[in-house]
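Colleague: This is the structure, below, for whatever I ask next.
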Amino acid sequence: MKTPASTELADAVASGRVSFSHPEGREWDVPRICPLCGRRMVVKLNPFGWVATCSRHGEFRSEWLER
């Protein structure tokens with residue numbers, strides 16, 4: 001999947017306008033649904049975190065939540 005150049009997802013989450021939702025009882029799980037459009041995201045796990053990519057709104061990295 002080609003990653004779009006858009007930073008809309010990262011900007012929205014970092015500003016606090018939207019947040020990732022998780023299934024009840026799975027708050028520790030990685031986000032799988034884009035909070036902007038409701039589409040399923042591609043999520044890649046690595047030893048240090050995760051990268052979630054929406055086909056329309058760009059990517060978001062777990063380390064950006066720690067800032």
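Please note that chains go A, B, ... in the order of the structure tokens, that every chain numbers its residues from 1, and that ligands are numbered from 1 in the order shown.
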Give me the residues near Trp50 (chain A) as a ChimeraX atom specification, where near means some atom within 10 Å (using only C-alpha atoms) and where sequence neighbours in that chain fewer than 2 positions away do not count.
Modeller: /A:30-31,43-48,52-53,60-63
Colleague: Based on the selection just made, write N, CA, C and O atoms of those residues as a CSV table (one decimal), in the first residue's frame.
Modeller:
chain,number,residue,atom,x,y,z
A,30,VAL,N,-3.7,-2.0,19.6
A,30,VAL,CA,-3.4,-0.9,18.7
A,30,VAL,C,-4.7,-0.5,18.0
A,30,VAL,O,-5.6,-1.2,17.8
A,31,PRO,N,-4.7,0.8,17.5
A,31,PRO,CA,-5.9,1.3,16.8
A,31,PRO,C,-6.0,0.6,15.4
A,31,PRO,O,-5.0,0.4,14.8
A,43,VAL,N,-1.9,-1.8,10.1
A,43,VAL,CA,-1.1,-1.5,11.3
A,43,VAL,C,0.1,-2.5,11.2
A,43,VAL,O,-0.1,-3.7,11.0
A,44,LYS,N,1.2,-1.9,11.4
A,44,LYS,CA,2.5,-2.7,11.5
A,44,LYS,C,3.0,-2.6,12.9
A,44,LYS,O,3.2,-1.4,13.4
A,45,LEU,N,3.3,-3.7,13.5
A,45,LEU,CA,3.9,-3.7,14.8
A,45,LEU,C,5.4,-3.9,14.7
A,45,LEU,O,5.8,-4.6,13.9
A,46,ASN,N,6.1,-3.3,15.6
A,46,ASN,CA,7.5,-3.5,15.8
A,46,ASN,C,7.9,-3.6,17.2
A,46,ASN,O,7.0,-3.3,18.1
A,47,PRO,N,9.1,-3.9,17.6
A,47,PRO,CA,9.4,-4.1,19.0
A,47,PRO,C,9.3,-2.8,19.8
A,47,PRO,O,9.2,-2.8,21.1
A,48,PHE,N,9.2,-1.7,19.2
A,48,PHE,CA,9.2,-0.4,19.9
A,48,PHE,C,7.8,0.3,19.9
A,48,PHE,O,7.6,1.3,20.5
A,52,ALA,N,0.2,3.0,12.3
A,52,ALA,CA,-1.1,2.8,11.7
A,52,ALA,C,-1.2,3.7,10.5
A,52,ALA,O,-0.9,4.9,10.6
A,53,THR,N,-1.6,3.2,9.3
A,53,THR,CA,-1.7,4.0,8.1
A,53,THR,C,-3.2,3.9,7.5
A,53,THR,O,-3.7,2.8,7.3
A,60,PHE,N,0.2,7.3,11.4
A,60,PHE,CA,0.3,7.8,12.8
A,60,PHE,C,1.2,6.8,13.5
A,60,PHE,O,1.0,5.6,13.4
A,61,ARG,N,2.2,7.2,14.2
A,61,ARG,CA,3.2,6.3,14.9
A,61,ARG,C,2.9,6.4,16.4
A,61,ARG,O,2.6,7.5,16.9
A,62,SER,N,3.1,5.3,17.1
A,62,SER,CA,2.8,5.2,18.5
A,62,SER,C,3.7,6.2,19.3
A,62,SER,O,3.3,6.7,20.3
A,63,GLU,N,4.9,6.4,18.9
A,63,GLU,CA,5.8,7.3,19.6
A,63,GLU,C,5.3,8.7,19.6
A,63,GLU,O,5.7,9.5,20.5
Colleague: Per DSSP on the backbone, what are the strand (DSSP E) residues of chain A, as a list in words?
Modeller: Val42, Val43, Lys44, Leu45, Asn46, Gly49, Trp50, Val51, Ala52, Thr53, Cys54, Gly58, Glu59, Phe60 and Arg61 of chain A
Colleague: Keeping C-alpha atoms for every residue in the selection just given, could you write it to a file as a short mmCIF file (atom, residue, chain, number, x, y, z; two decimals), in the first residue's frame?
Modeller:
data_model
loop_
_atom_site.label_atom_id
_atom_site.label_comp_id
_atom_site.auth_asym_id
_atom_site.auth_seq_id
_atom_site.Cartn_x
_atom_site.Cartn_y
_atom_site.Cartn_z
CA VAL A 42 -3.02 -1.06 7.97
CA VAL A 43 -1.15 -1.55 11.26
CA LYS A 44 2.47 -2.68 11.47
CA LEU A 45 3.87 -3.72 14.84
CA ASN A 46 7.53 -3.50 15.76
CA GLY A 49 5.55 0.38 19.00
CA TRP A 50 3.29 0.50 15.95
CA VAL A 51 2.54 2.45 12.78
CA ALA A 52 -1.09 2.79 11.66
CA THR A 53 -1.75 3.95 8.11
CA CYS A 54 -5.06 5.16 6.68
CA GLY A 58 -1.76 9.21 6.21
CA GLU A 59 0.08 7.52 9.03
CA PHE A 60 0.35 7.79 12.77
CA ARG A 61 3.15 6.34 14.92
#
Colleague: Which residues come within 8 Å of region 8-14 of chain A, counting only C-alpha atoms, excluding same-chain residues fewer than 2 positions away, as a ChimeraX atom specification?
Modeller: /A:6,16-20,34,36,54,57-60,64-65
Colleague: For the selection just defined, write its residues with N, CA, C and O atoms to a file, as a PDB file, in the first residue's frame.
Modeller:
ATOM      1  N   SER A   6      -0.543  12.841   3.003  1.00  0.00           N
ATOM      2  CA  SER A   6      -1.364  13.607   3.930  1.00  0.00           C
ATOM      3  C   SER A   6      -0.913  13.415   5.382  1.00  0.00           C
ATOM      4  O   SER A   6      -0.544  12.328   5.798  1.00  0.00           O
ATOM      5  N   GLY A  16      -5.730  16.822  19.446  1.00  0.00           N
ATOM      6  CA  GLY A  16      -6.767  16.423  20.390  1.00  0.00           C
ATOM      7  C   GLY A  16      -8.178  16.500  19.814  1.00  0.00           C
ATOM      8  O   GLY A  16      -9.145  16.264  20.527  1.00  0.00           O
ATOM      9  N   ARG A  17      -8.322  16.839  18.540  1.00  0.00           N
ATOM     10  CA  ARG A  17      -9.646  16.906  17.921  1.00  0.00           C
ATOM     11  C   ARG A  17     -10.318  15.542  17.878  1.00  0.00           C
ATOM     12  O   ARG A  17     -11.532  15.455  17.994  1.00  0.00           O
ATOM     13  N   VAL A  18      -9.531  14.494  17.652  1.00  0.00           N
ATOM     14  CA  VAL A  18     -10.053  13.123  17.612  1.00  0.00           C
ATOM     15  C   VAL A  18      -9.121  12.221  18.412  1.00  0.00           C
ATOM     16  O   VAL A  18      -7.986  12.587  18.705  1.00  0.00           O
ATOM     17  N   SER A  19      -9.614  11.064  18.770  1.00  0.00           N
ATOM     18  CA  SER A  19      -8.770  10.080  19.439  1.00  0.00           C
ATOM     19  C   SER A  19      -9.125   8.702  18.901  1.00  0.00           C
ATOM     20  O   SER A  19     -10.191   8.510  18.318  1.00  0.00           O
ATOM     21  N   PHE A  20      -8.233   7.771  19.102  1.00  0.00           N
ATOM     22  CA  PHE A  20      -8.466   6.416  18.637  1.00  0.00           C
ATOM     23  C   PHE A  20      -9.431   5.714  19.585  1.00  0.00           C
ATOM     24  O   PHE A  20      -9.341   5.862  20.800  1.00  0.00           O
ATOM     25  N   CYS A  34      -9.667   4.169  11.441  1.00  0.00           N
ATOM     26  CA  CYS A  34      -9.324   5.586  11.341  1.00  0.00           C
ATOM     27  C   CYS A  34     -10.430   6.414  11.999  1.00  0.00           C
ATOM     28  O   CYS A  34     -11.603   6.258  11.667  1.00  0.00           O
ATOM     29  N   LEU A  36     -11.083   9.472  11.581  1.00  0.00           N
ATOM     30  CA  LEU A  36     -11.593  10.509  10.688  1.00  0.00           C
ATOM     31  C   LEU A  36     -12.606   9.975   9.679  1.00  0.00           C
ATOM     32  O   LEU A  36     -13.585  10.643   9.379  1.00  0.00           O
ATOM     33  N   CYS A  54      -3.760   5.041   7.348  1.00  0.00           N
ATOM     34  CA  CYS A  54      -5.060   5.155   6.684  1.00  0.00           C
ATOM     35  C   CYS A  54      -4.782   5.450   5.209  1.00  0.00           C
ATOM     36  O   CYS A  54      -3.913   6.270   4.895  1.00  0.00           O
ATOM     37  N   HIS A  57      -5.803   9.325   4.947  1.00  0.00           N
ATOM     38  CA  HIS A  57      -5.368  10.380   5.857  1.00  0.00           C
ATOM     39  C   HIS A  57      -3.929  10.266   6.339  1.00  0.00           C
ATOM     40  O   HIS A  57      -3.512  11.034   7.197  1.00  0.00           O
ATOM     41  N   GLY A  58      -3.170   9.311   5.849  1.00  0.00           N
ATOM     42  CA  GLY A  58      -1.761   9.212   6.206  1.00  0.00           C
ATOM     43  C   GLY A  58      -1.503   8.290   7.381  1.00  0.00           C
ATOM     44  O   GLY A  58      -2.332   7.464   7.733  1.00  0.00           O
ATOM     45  N   GLU A  59      -0.318   8.440   7.974  1.00  0.00           N
ATOM     46  CA  GLU A  59       0.084   7.515   9.026  1.00  0.00           C
ATOM     47  C   GLU A  59       0.179   8.191  10.387  1.00  0.00           C
ATOM     48  O   GLU A  59       0.279   9.412  10.490  1.00  0.00           O
ATOM     49  N   PHE A  60       0.156   7.340  11.400  1.00  0.00           N
ATOM     50  CA  PHE A  60       0.350   7.788  12.770  1.00  0.00           C
ATOM     51  C   PHE A  60       1.219   6.767  13.477  1.00  0.00           C
ATOM     52  O   PHE A  60       0.987   5.572  13.357  1.00  0.00           O
ATOM     53  N   TRP A  64       4.465   9.076  18.704  1.00  0.00           N
ATOM     54  CA  TRP A  64       3.922  10.435  18.685  1.00  0.00           C
ATOM     55  C   TRP A  64       2.941  10.643  19.833  1.00  0.00           C
ATOM     56  O   TRP A  64       2.691  11.782  20.230  1.00  0.00           O
ATOM     57  N   LEU A  65       2.393   9.583  20.404  1.00  0.00           N
ATOM     58  CA  LEU A  65       1.493   9.699  21.565  1.00  0.00           C
ATOM     59  C   LEU A  65       2.261   9.998  22.841  1.00  0.00           C
ATOM     60  O   LEU A  65       1.708  10.533  23.789  1.00  0.00           O
TER      61      LEU A  65
END
Colleague: Measuring atom to atom with only C-alpha atoms, identify which of A:Ile33, A:Arg56, A:Glu66, A:Pro4 is nearest to Ser21 (chain A).
Modeller: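 Closest candidate: A:Ile33.
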Colleague: Could you give me, as a PyMOL selection string, each residue of chain A that DSSP assigns to alpha helix (DSSP H) when run on this structure's backbone?
Modeller: chain A and resi 8-15
